[in-house]
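*Asks:* I'd like to ask some things about the structure below.
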Amino acid sequence: MCGFIGEITKEKSNFENIRIANKPIVCRGPDNTSEIHSTNHKLFNDTHGEYNISWIFNRLSILELSELGNQPMISMKYKTMMMFNGEIYNYKELKAELIKEGVKFNSHNSDSEVLLLGLSHYGVKFLDKLIGQFSIIFFDYKKNDLYLIRDRLGQKPLFYNIHKNKVIFSSNLKSIYNLENNHKISNRQLVNYINFGVVPSPNTIFEDISKVLPGTFIKVNLNNFSFEKTTYWNPSDYIDSKKFNEDKFFDLFSKSIDHRLVSDVPIANFLSGGLDSTSIVKSQFDNKSENINTFTVGVDDQRYDESGWAELVSKKYQTKHTLVKINSKFDNDIILESINAFDELYSDPSTVLSYQISKVISKNYKVAISGDGGDELLGGYKRTSLMLKRGTLPNSFVNFLHKIYPKHYGSAQEILYRKRDSAKAYASFFEDNNLLNLLNLNPADIYGELYFKESGNDYKNLLLSDYKFYLPEMMMLKVDRSSMANSLEVRSPFVDHKLIEYVLSTESNFMDSGPKSLLKNYLKPDFNHDFLNRKKQGFVFDLENWVYKNIDLIHEVINSGEILTDLNKDIINVISKRKTRVNALRIWKLFILEKYLGNLKIKN
């Protein structure tokens, strides 16, 4: 797992500026930093094209710990070059296939070299063979074609900016922003952030910087810097109603975990004691995995501490267990540090906890396996149950209730999700048009139009929506930034495209017994009713307490900004009249906005 920044331009490159812009990326790969700076395309003597190249790669060494795994990586035979952030879990199988094709390798155990030579040998159709999480920069010198590639579920970030004679790309949005001084804030995406709490791909908060969409690659021809986008994976393509087979599901689940256990450094399992993480550990135990390491963060507040349940799991599956207790009351330094770790706007306050947990575990491990994605796959979210069981009301009546609902009370989600229109009902869990109204703004993009498509199956409608918006745009963003800021790679077996494709292509009758019933049945031989059916405690950052105790700090940050005071200078006072969690979330969202915009400049 790593991070990079690069530029290809027909203009003069400023190598020192690129080095400065690389500073926030070093945390993603502190083990080695390598640079390639080439003037007038002189890396290969017998290729054409006149442009300057400047690439910097920061490596977190997990596979092939020798220098043979360093990047940028070049193939002299194929005249190709690559930088790659992520892991290819099935690289051993792919390497064996390439060797049969006559491809020769220099390294012993580098998934990066497999990726470089696979793309060089097969072209971009090689992407269909990959199992993993990745963002890739691949350059074919013979054709003067540059490829920007992002994994299917958007686990790894990839930002870019294409001018007439230049293309810039990076794992970090702030780094691209800092290379030039003329980036303008997009008013449309500003509205989207205030509404959704995030700026969805392919957009960023800046007009001329974009994100590669999940499951997409962009081909840039460097003869004229023209580009085209291609979608190579779309979850909607797998919708079907084949018979669901539980054994098949758990076979895929087991293989997904096995793939993510391949490493040249020790791996830990995040173990909360919940169904997702417990199932992952059980699979390893049943498959007789050696050295099962588990890591639990306990807290001093009994309302949220689940370390006792995690200890039961550890004893049952004979793991090497580490328990670290932390203070449930984070001080301001930790909170502000976690905010500054994010290179793009994101308003979910759970980032504070994710950041702190990653910081603790990274003192002992470079790689951790997590249960992220289990709730999306198996209906674990409360909003999923509410949608599937909700009683509906005529849209016109719901609209009337919404109209008279006081805007400073909240988003009126508890009313809006009753709409008969499923797209508009589900949108209520993600939109806050009432907050836009308080700021005298109109909605820009509409959630239901972008992310909700009818498939004929209520559960799969929700599932597809989550795989298009919530998982890639919110959950994976949080996991990546909070972990990589602490030089920790997180691997998520439930976010395996083979497993997701299977669930999408089969009947959803496994949901008839309730959310997570598959995992409950899987764990039933090993644990009692209380363990399997307890209410999830979920340690959360005490947002209300922090927001309302630090309202002066929040006012100071917002008043010193240039956005919210122009829209409604009294907005914080209006919202904070009702000191609820919903309004604390709104204030936090606005605080993050001005805090982010005020901290864009990288210090030399």
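Naming works like this for the structure tokens: A, B, ... for the chains as they're shown, residue 1 at the start of each chain, ligands 1 onward in shown order.
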With DSSP run on the backbone, what are the helix (DSSP H, G or I) residues within region 317-420 of chain A? I'd like them as a VMD selection string.
*Replies:* chain A and resid 332 to 340 351 to 361 374 to 378 382 to 389 395 to 404 413 to 416
*Asks:* Please, could you write that set of residues out with C-alpha atoms as an mmCIF file, in the first residue's frame?
*Replies:*
data_model
loop_
_atom_site.group_PDB
_atom_site.id
_atom_site.type_symbol
_atom_site.label_atom_id
_atom_site.label_comp_id
_atom_site.auth_asym_id
_atom_site.auth_seq_id
_atom_site.Cartn_x
_atom_site.Cartn_y
_atom_site.Cartn_z
ATOM 1 C CA ASN A 332 -8.877 18.512 20.748
ATOM 2 C CA ASP A 333 -5.393 17.717 19.466
ATOM 3 C CA ILE A 334 -6.445 14.187 18.455
ATOM 4 C CA ILE A 335 -9.696 15.402 16.912
ATOM 5 C CA LEU A 336 -8.004 18.119 14.862
ATOM 6 C CA GLU A 337 -5.209 15.716 13.874
ATOM 7 C CA SER A 338 -7.783 13.254 12.531
ATOM 8 C CA ILE A 339 -9.505 16.022 10.554
ATOM 9 C CA ASN A 340 -6.231 17.163 8.992
ATOM 10 C CA THR A 351 -13.374 9.306 11.245
ATOM 11 C CA VAL A 352 -12.081 10.428 14.643
ATOM 12 C CA LEU A 353 -12.424 6.925 16.060
ATOM 13 C CA SER A 354 -11.207 5.202 12.877
ATOM 14 C CA TYR A 355 -8.132 7.392 12.854
ATOM 15 C CA GLN A 356 -7.347 6.700 16.507
ATOM 16 C CA ILE A 357 -7.800 2.919 16.144
ATOM 17 C CA SER A 358 -5.529 2.899 13.083
ATOM 18 C CA LYS A 359 -2.946 4.926 14.969
ATOM 19 C CA VAL A 360 -2.902 2.423 17.820
ATOM 20 C CA ILE A 361 -2.726 -0.735 15.702
ATOM 21 C CA GLY A 374 -20.334 -6.656 5.667
ATOM 22 C CA ASP A 375 -23.220 -4.326 6.479
ATOM 23 C CA GLU A 376 -23.642 -3.360 2.822
ATOM 24 C CA LEU A 377 -23.516 -6.955 1.604
ATOM 25 C CA LEU A 378 -25.789 -8.533 4.208
ATOM 26 C CA LYS A 382 -30.676 0.164 10.198
ATOM 27 C CA ARG A 383 -31.689 2.166 7.136
ATOM 28 C CA THR A 384 -31.890 -1.064 5.113
ATOM 29 C CA SER A 385 -34.336 -2.637 7.581
ATOM 30 C CA LEU A 386 -36.379 0.563 7.756
ATOM 31 C CA MET A 387 -36.676 0.699 3.977
ATOM 32 C CA LEU A 388 -37.686 -2.945 3.610
ATOM 33 C CA LYS A 389 -40.320 -2.766 6.384
ATOM 34 C CA ASN A 395 -45.755 11.522 -1.893
ATOM 35 C CA SER A 396 -47.970 14.602 -1.834
ATOM 36 C CA PHE A 397 -48.810 14.100 1.848
ATOM 37 C CA VAL A 398 -45.165 13.523 2.765
ATOM 38 C CA ASN A 399 -44.214 16.665 0.834
ATOM 39 C CA PHE A 400 -46.813 18.636 2.809
ATOM 40 C CA LEU A 401 -45.436 17.377 6.138
ATOM 41 C CA HIS A 402 -41.917 18.186 4.996
ATOM 42 C CA LYS A 403 -42.935 21.705 4.013
ATOM 43 C CA ILE A 404 -44.237 22.541 7.492
ATOM 44 C CA GLN A 413 -35.557 11.989 7.303
ATOM 45 C CA GLU A 414 -38.037 10.227 9.615
ATOM 46 C CA ILE A 415 -40.840 11.683 7.461
ATOM 47 C CA LEU A 416 -39.276 11.556 4.008
#
*Asks:* Determine, using only C-alpha atoms, which residues of region 489-537 of chain A have any atom at most 12 Å from an atom of region 446-458 of chain A, and tabulate each with its shortest atom pair and distance in Å to one decimal place, rows ordered by chain and then rising number, as a Markdown table.
*Replies:*
| residue | atom | partner | partner_atom | distance |
| --- | --- | --- | --- | --- |
| A:Leu504 | CA | A:Asn457 | CA | 10.2 |
| A:Ser505 | CA | A:Asn457 | CA | 11.4 |
| A:Thr506 | CA | A:Asn457 | CA | 11.0 |
| A:Glu507 | CA | A:Asn457 | CA | 9.1 |
| A:Ser508 | CA | A:Asn457 | CA | 8.4 |
| A:Asn509 | CA | A:Asn457 | CA | 10.9 |
| A:Met511 | CA | A:Asp458 | CA | 11.2 |
*Asks:* Using the selection just defined, write its residues with all heavy atoms as a PDB file, in the first residue's frame.
*Replies:*
ATOM      1  N   LEU A 504     -25.316 -10.336  -5.839  1.00  0.00           N
ATOM      2  CA  LEU A 504     -26.154  -9.605  -6.787  1.00  0.00           C
ATOM      3  C   LEU A 504     -26.827 -10.527  -7.794  1.00  0.00           C
ATOM      4  O   LEU A 504     -27.927 -10.241  -8.278  1.00  0.00           O
ATOM      5  CB  LEU A 504     -25.310  -8.562  -7.532  1.00  0.00           C
ATOM      6  CG  LEU A 504     -24.816  -7.360  -6.729  1.00  0.00           C
ATOM      7  CD1 LEU A 504     -23.844  -6.527  -7.557  1.00  0.00           C
ATOM      8  CD2 LEU A 504     -25.978  -6.497  -6.253  1.00  0.00           C
ATOM      9  N   SER A 505     -26.192 -11.642  -8.113  1.00  0.00           N
ATOM     10  CA  SER A 505     -26.699 -12.530  -9.183  1.00  0.00           C
ATOM     11  C   SER A 505     -27.635 -13.611  -8.670  1.00  0.00           C
ATOM     12  O   SER A 505     -28.173 -14.376  -9.467  1.00  0.00           O
ATOM     13  CB  SER A 505     -25.522 -13.178  -9.915  1.00  0.00           C
ATOM     14  OG  SER A 505     -24.827 -14.067  -9.058  1.00  0.00           O
ATOM     15  N   THR A 506     -27.859 -13.674  -7.352  1.00  0.00           N
ATOM     16  CA  THR A 506     -28.696 -14.734  -6.795  1.00  0.00           C
ATOM     17  C   THR A 506     -29.887 -14.150  -6.039  1.00  0.00           C
ATOM     18  O   THR A 506     -29.962 -12.940  -5.797  1.00  0.00           O
ATOM     19  CB  THR A 506     -27.879 -15.622  -5.840  1.00  0.00           C
ATOM     20  OG1 THR A 506     -27.269 -14.798  -4.830  1.00  0.00           O
ATOM     21  CG2 THR A 506     -26.795 -16.370  -6.595  1.00  0.00           C
ATOM     22  N   GLU A 507     -30.809 -15.029  -5.679  1.00  0.00           N
ATOM     23  CA  GLU A 507     -31.977 -14.609  -4.911  1.00  0.00           C
ATOM     24  C   GLU A 507     -31.554 -14.048  -3.561  1.00  0.00           C
ATOM     25  O   GLU A 507     -30.531 -14.446  -2.999  1.00  0.00           O
ATOM     26  CB  GLU A 507     -32.916 -15.797  -4.700  1.00  0.00           C
ATOM     27  CG  GLU A 507     -33.492 -16.364  -5.990  1.00  0.00           C
ATOM     28  CD  GLU A 507     -34.276 -17.648  -5.752  1.00  0.00           C
ATOM     29  OE1 GLU A 507     -33.989 -18.339  -4.752  1.00  0.00           O
ATOM     30  OE2 GLU A 507     -35.161 -17.948  -6.570  1.00  0.00           O
ATOM     31  N   SER A 508     -32.376 -13.158  -3.032  1.00  0.00           N
ATOM     32  CA  SER A 508     -32.054 -12.526  -1.749  1.00  0.00           C
ATOM     33  C   SER A 508     -32.818 -13.158  -0.597  1.00  0.00           C
ATOM     34  O   SER A 508     -33.092 -12.516   0.420  1.00  0.00           O
ATOM     35  CB  SER A 508     -32.366 -11.022  -1.816  1.00  0.00           C
ATOM     36  OG  SER A 508     -31.659 -10.402  -2.857  1.00  0.00           O
ATOM     37  N   ASN A 509     -33.169 -14.456  -0.740  1.00  0.00           N
ATOM     38  CA  ASN A 509     -33.964 -15.112   0.302  1.00  0.00           C
ATOM     39  C   ASN A 509     -33.206 -15.281   1.610  1.00  0.00           C
ATOM     40  O   ASN A 509     -33.793 -15.560   2.647  1.00  0.00           O
ATOM     41  CB  ASN A 509     -34.484 -16.468  -0.185  1.00  0.00           C
ATOM     42  CG  ASN A 509     -33.389 -17.358  -0.746  1.00  0.00           C
ATOM     43  OD1 ASN A 509     -32.224 -16.963  -0.793  1.00  0.00           O
ATOM     44  ND2 ASN A 509     -33.762 -18.556  -1.170  1.00  0.00           N
ATOM     45  N   MET A 511     -32.144 -12.987   3.216  1.00  0.00           N
ATOM     46  CA  MET A 511     -32.574 -11.857   4.042  1.00  0.00           C
ATOM     47  C   MET A 511     -33.906 -12.125   4.733  1.00  0.00           C
ATOM     48  O   MET A 511     -34.317 -11.355   5.603  1.00  0.00           O
ATOM     49  CB  MET A 511     -32.688 -10.598   3.180  1.00  0.00           C
ATOM     50  CG  MET A 511     -31.365  -9.930   2.847  1.00  0.00           C
ATOM     51  SD  MET A 511     -30.571  -9.222   4.301  1.00  0.00           S
ATOM     52  CE  MET A 511     -31.723  -7.903   4.708  1.00  0.00           C
TER      53      MET A 511
END
*Asks:* Please provide the set of residues having any atom within 9 Å of Ile267 (chain A), restricted to only C-alpha atoms, with same-chain residues fewer than 4 positions apart removed, written as a PyMOL selection string.
*Replies:* chain A and resi 261-263+291-294+365-369
*Asks:* Could the residues in this selection be written to a file with N, CA and C atoms, as a compact mmCIF listing (two decimals), in the first residue's frame?
*Replies:*
# COMPACT_ATOMS: atom_id res chain seq x y z
N LEU A 261 -4.66 -12.81 3.14
CA LEU A 261 -3.69 -13.22 4.15
C LEU A 261 -2.27 -13.32 3.59
N VAL A 262 -2.13 -13.08 2.28
CA VAL A 262 -0.81 -13.18 1.65
C VAL A 262 -0.01 -11.91 1.95
N SER A 263 1.13 -12.10 2.61
CA SER A 263 1.92 -10.94 3.02
C SER A 263 3.30 -11.42 3.44
N ASN A 291 -0.87 -18.68 13.08
CA ASN A 291 -0.60 -17.35 13.66
C ASN A 291 -1.74 -16.37 13.41
N ILE A 292 -2.92 -16.68 13.91
CA ILE A 292 -4.05 -15.76 13.80
C ILE A 292 -3.87 -14.67 14.85
N ASN A 293 -3.57 -13.48 14.39
CA ASN A 293 -3.39 -12.33 15.29
C ASN A 293 -4.68 -11.52 15.33
N THR A 294 -5.14 -11.19 16.52
CA THR A 294 -6.32 -10.34 16.65
C THR A 294 -5.98 -9.13 17.50
N TYR A 365 1.56 -3.28 13.73
CA TYR A 365 1.34 -3.96 12.45
C TYR A 365 1.31 -2.96 11.30
N LYS A 366 1.64 -3.49 10.10
CA LYS A 366 1.50 -2.72 8.86
C LYS A 366 0.22 -3.07 8.11
N VAL A 367 -0.34 -4.24 8.41
CA VAL A 367 -1.51 -4.74 7.68
C VAL A 367 -2.57 -5.21 8.67
N ALA A 368 -3.83 -4.84 8.41
CA ALA A 368 -4.93 -5.29 9.25
C ALA A 368 -6.12 -5.70 8.36
N ILE A 369 -6.79 -6.77 8.78
CA ILE A 369 -7.99 -7.23 8.08
C ILE A 369 -9.21 -6.73 8.84
*Asks:* Given only C-alpha atoms as the basis, pick out the residue of A:Leu532, A:Leu438, A:Leu116, A:Ala485 nearest to Trp309 (chain A).
*Replies:* A:Leu532
*Asks:* Find the residues around Asp208 (chain A) up to 12 Å (only C-alpha atoms counted), leave out those fewer than 6 positions away in its own chain, and share them as a list in words.
*Replies:*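 Once the nearby chain positions are removed, what remains is Phe159, Tyr160, Asn161, Ile162, His163, Val167, Ile168, Leu173, Ile176, Tyr177, Glu180, Asn181, Asn182, His183, Lys184, Ile185, Ser186, Gln189 and Pro202 of chain A.
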